[in-house]
$ cat final_18.txt   # compact mmCIF, C-alpha atoms
# COMPACT_ATOMS: atom_id res chain seq x y z
CA GLN U 16 -64.71 -124.97 105.40
CA VAL U 17 -67.76 -125.78 107.49
CA GLN U 18 -70.05 -128.46 106.15
CA LEU U 19 -73.39 -129.71 107.37
CA VAL U 20 -74.27 -133.05 105.81
CA GLU U 21 -77.83 -134.33 106.22
CA SER U 22 -79.07 -137.86 105.75
CA GLY U 23 -82.09 -139.99 106.56
CA GLY U 24 -84.81 -138.53 104.37
CA GLY U 25 -87.07 -140.61 102.18
CA LEU U 26 -90.60 -141.77 101.48
CA VAL U 27 -92.77 -142.92 104.36
CA GLN U 28 -96.44 -143.69 104.82
CA PRO U 29 -98.63 -141.54 107.06
CA GLY U 30 -98.15 -142.54 110.69
CA GLY U 31 -94.63 -143.75 110.02
CA SER U 32 -91.28 -142.57 111.38
CA LEU U 33 -87.99 -141.27 110.08
CA ARG U 34 -84.80 -140.07 111.74
CA LEU U 35 -82.76 -137.33 110.14
CA SER U 36 -79.09 -136.84 110.92
CA CYS U 37 -76.81 -133.88 110.36
CA ALA U 38 -73.07 -134.21 110.74
CA ALA U 39 -71.37 -130.86 111.29
CA SER U 40 -67.70 -130.08 110.71
CA LEU U 41 -67.64 -127.39 113.41
CA ASN U 42 -64.64 -126.78 115.62
CA THR U 43 -66.79 -125.71 118.56
CA PHE U 44 -70.00 -127.68 118.26
CA SER U 45 -71.19 -126.54 121.67
CA GLY U 46 -70.99 -122.94 120.54
CA TYR U 47 -73.81 -123.35 118.06
CA VAL U 48 -77.54 -123.63 118.34
CA MET U 49 -78.42 -126.50 116.03
CA GLY U 50 -81.73 -126.54 114.25
CA TRP U 51 -83.90 -128.13 111.62
CA TYR U 52 -85.95 -126.11 109.16
CA ARG U 53 -88.23 -127.27 106.37
CA GLN U 54 -89.59 -125.89 103.15
CA ALA U 55 -92.60 -127.29 101.36
CA PRO U 56 -93.31 -126.52 97.68
CA GLY U 57 -94.68 -123.03 97.29
CA LYS U 58 -94.13 -122.17 100.94
CA GLU U 59 -91.52 -120.27 102.90
CA ARG U 60 -88.87 -122.05 104.91
CA GLU U 61 -90.01 -122.56 108.50
CA LEU U 62 -88.30 -123.44 111.73
CA VAL U 63 -89.09 -126.95 112.97
CA ALA U 64 -86.92 -127.39 116.05
CA THR U 65 -83.76 -126.14 117.73
CA VAL U 66 -81.48 -127.39 120.48
CA THR U 67 -78.80 -125.43 122.31
CA GLY U 68 -75.47 -126.72 123.53
CA ARG U 69 -77.02 -127.04 126.97
CA GLY U 70 -79.85 -129.15 125.61
CA ILE U 71 -82.64 -126.60 125.65
CA ARG U 72 -85.15 -127.56 122.97
CA ASN U 73 -87.74 -125.60 121.09
CA TYR U 74 -90.37 -126.83 118.62
CA VAL U 75 -92.90 -125.34 116.27
CA ASP U 76 -96.41 -126.11 117.55
CA SER U 77 -97.30 -128.36 114.62
CA VAL U 78 -94.65 -130.96 115.54
CA LYS U 79 -94.79 -130.88 119.34
CA GLY U 80 -95.30 -134.36 120.73
CA ARG U 81 -94.32 -135.98 117.44
CA PHE U 82 -90.77 -134.81 116.71
CA ALA U 83 -87.71 -134.87 118.95
CA ILE U 84 -84.44 -133.05 118.36
CA SER U 85 -81.21 -134.17 119.98
CA ARG U 86 -77.48 -133.64 119.62
CA ASP U 87 -74.44 -135.80 120.20
CA PRO U 88 -71.36 -133.69 120.96
CA ALA U 89 -69.07 -136.70 120.63
CA LYS U 90 -70.12 -137.02 116.98
CA ASN U 91 -70.84 -133.36 116.20
CA THR U 92 -74.22 -134.56 115.02
CA VAL U 93 -77.77 -133.39 115.48
CA TYR U 94 -80.79 -135.63 114.97
CA LEU U 95 -84.47 -135.16 114.30
CA GLN U 96 -86.64 -138.12 115.23
CA MET U 97 -89.97 -137.76 113.44
CA ASN U 98 -92.89 -139.93 114.52
CA SER U 99 -96.55 -140.03 113.54
CA LEU U 100 -95.71 -138.36 110.27
CA LYS U 101 -98.44 -136.59 108.33
CA PRO U 102 -98.68 -135.66 104.64
CA GLU U 103 -98.30 -132.01 105.66
CA ASP U 104 -94.82 -132.83 106.99
CA THR U 105 -93.70 -133.35 103.41
CA ALA U 106 -90.87 -130.91 102.68
CA VAL U 107 -87.16 -130.51 102.16
CA TYR U 108 -85.57 -130.50 105.62
CA TYR U 109 -82.48 -128.38 106.23
CA CYS U 110 -79.96 -128.52 109.02
CA ASN U 111 -78.81 -125.19 110.46
CA ALA U 112 -75.99 -124.15 112.77
CA LYS U 113 -76.16 -120.71 114.34
CA SER U 114 -73.25 -119.31 116.33
CA ILE U 115 -74.06 -117.99 119.81
CA ALA U 116 -70.86 -115.94 119.90
CA VAL U 117 -70.75 -114.32 116.47
CA ILE U 118 -73.88 -112.54 115.34
CA GLY U 119 -74.82 -113.48 111.81
CA ARG U 120 -72.59 -116.52 111.57
CA GLU U 121 -74.65 -119.49 110.50
CA TYR U 122 -74.41 -122.44 108.17
CA TRP U 123 -76.87 -124.54 106.21
CA GLY U 124 -76.91 -128.07 104.93
CA GLN U 125 -77.93 -129.01 101.43
CA GLY U 126 -81.32 -130.37 102.47
CA THR U 127 -82.93 -133.80 102.48
CA GLN U 128 -86.34 -134.65 101.06
CA VAL U 129 -89.03 -136.10 103.31
CA THR U 130 -92.19 -137.30 101.60
CA VAL U 131 -95.16 -138.61 103.56
CA SER U 132 -97.60 -140.35 101.27
CA SER U 133 -99.58 -143.54 100.95
$ encode --input "final_18.txt" --output "structure tokens"
Amino acid sequence: QVQLVESGGGLVQPGGSLRLSCAASLNTFSGYVMGWYRQAPGKERELVATVTGRGIRNYVDSVKGRFAISRDPAKNTVYLQMNSLKPEDTAVYYCNAKSIAVIGREYWGQGTQVTVSS
């Protein structure tokens, strides 16, 4: 059974940093586009960033220049380094794995809370 286990969320002051991690129990890690999504209270879940097995990255405009996504194939882990955090970044952050070979095959983590507040 595939599991995505997130960690690294918490409470941080505006301007601070956090690093989220997501450990994936995938047999073929390179065969998945790994991503981070977030959902704030009362809002729809939105894409934050993705990274392919070849290292191609994509970000939503609101986090460009502040967040960085990366993946470590040796650890089957994807990271989200978040800098210069703003109160509007407050949300539950979810890890996602989307197969590039099988349409519709994707997995979600349980989510980790990030709160940016003074």
$ closest_residue --input "final_18.txt" --among "U:Pro29, U:Glu59, U:Thr127, U:Ala83" --to "Tyr108 (chain U)" --atoms "all atoms listed in the file"
U:Thr127
$ residues_around --input "final_18.txt" --residues "Thr43 (chain U)" --least-positions-apart "2" --cutoff "12 Å" --atoms "only C-alpha atoms" --output "JSON, numbers by chain"
{"U": [17, 39, 40, 41, 45, 46, 47, 48, 49, 68, 88, 89, 90, 91, 112, 113, 114, 115, 116]}
$ residues_near_point --input "final_18.txt" --point "(-75.7, -125.6, 101.3)" --cutoff "9 Å" --atoms "only C-alpha atoms" --output "PyMOL selection string"
chain U and resi 18-20+109+122-126
$ residues_near_point --input "final_18.txt" --point "(-75.6, -137.2, 111.0)" --cutoff "8 Å" --atoms "all atoms listed in the file" --output "short mmCIF file (atom, residue, chain, number, x, y, z; two decimals) with C-alpha atoms, keeping the file's coordinate frame"
data_model
loop_
_atom_site.label_atom_id
_atom_site.label_comp_id
_atom_site.auth_asym_id
_atom_site.auth_seq_id
_atom_site.Cartn_x
_atom_site.Cartn_y
_atom_site.Cartn_z
CA VAL U 20 -74.27 -133.05 105.81
CA GLU U 21 -77.83 -134.33 106.22
CA SER U 22 -79.07 -137.86 105.75
CA LEU U 35 -82.76 -137.33 110.14
CA SER U 36 -79.09 -136.84 110.92
CA CYS U 37 -76.81 -133.88 110.36
CA ALA U 38 -73.07 -134.21 110.74
CA ALA U 39 -71.37 -130.86 111.29
CA THR U 92 -74.22 -134.56 115.02
CA VAL U 93 -77.77 -133.39 115.48
CA TYR U 94 -80.79 -135.63 114.97
#
$ atom_distance --input "final_18.txt" --atom1 "CA of Gly70 (chain U)" --atom2 "CA of Gly50 (chain U)"
11.8 Å
$ atom_distance --input "final_18.txt" --atom1 "CA of Ile84 (chain U)" --atom2 "CA of Arg72 (chain U)"
7.2 Å
$ closest_residue --input "final_18.txt" --among "U:Asn73, U:Ala64, U:Ala55, U:Gln28" --to "Cys110 (chain U)" --atoms "all atoms listed in the file"
U:Ala64
$ atom_distance --input "final_18.txt" --atom1 "CA of Thr67 (chain U)" --atom2 "CA of Glu103 (chain U)"
26.5 Å
$ closest_residue --input "final_18.txt" --among "U:Ser133, U:Thr105, U:Ile118, U:Met97" --to "Lys58 (chain U)" --atoms "only C-alpha atoms"
U:Thr105
$ closest_residue --input "final_18.txt" --among "U:Leu95, U:Val78, U:Val131, U:Val117" --to "Trp51 (chain U)" --atoms "only C-alpha atoms"
U:Leu95
$ closest_residue --input "final_18.txt" --among "U:Leu62, U:Ile71, U:Ala106, U:Leu33" --to "Thr130 (chain U)" --atoms "only C-alpha atoms"
U:Ala106
$ closest_residue --input "final_18.txt" --among "U:Val75, U:Pro102, U:Asn111, U:Gly119" --to "Val27 (chain U)" --atoms "all atoms listed in the file"
U:Pro102
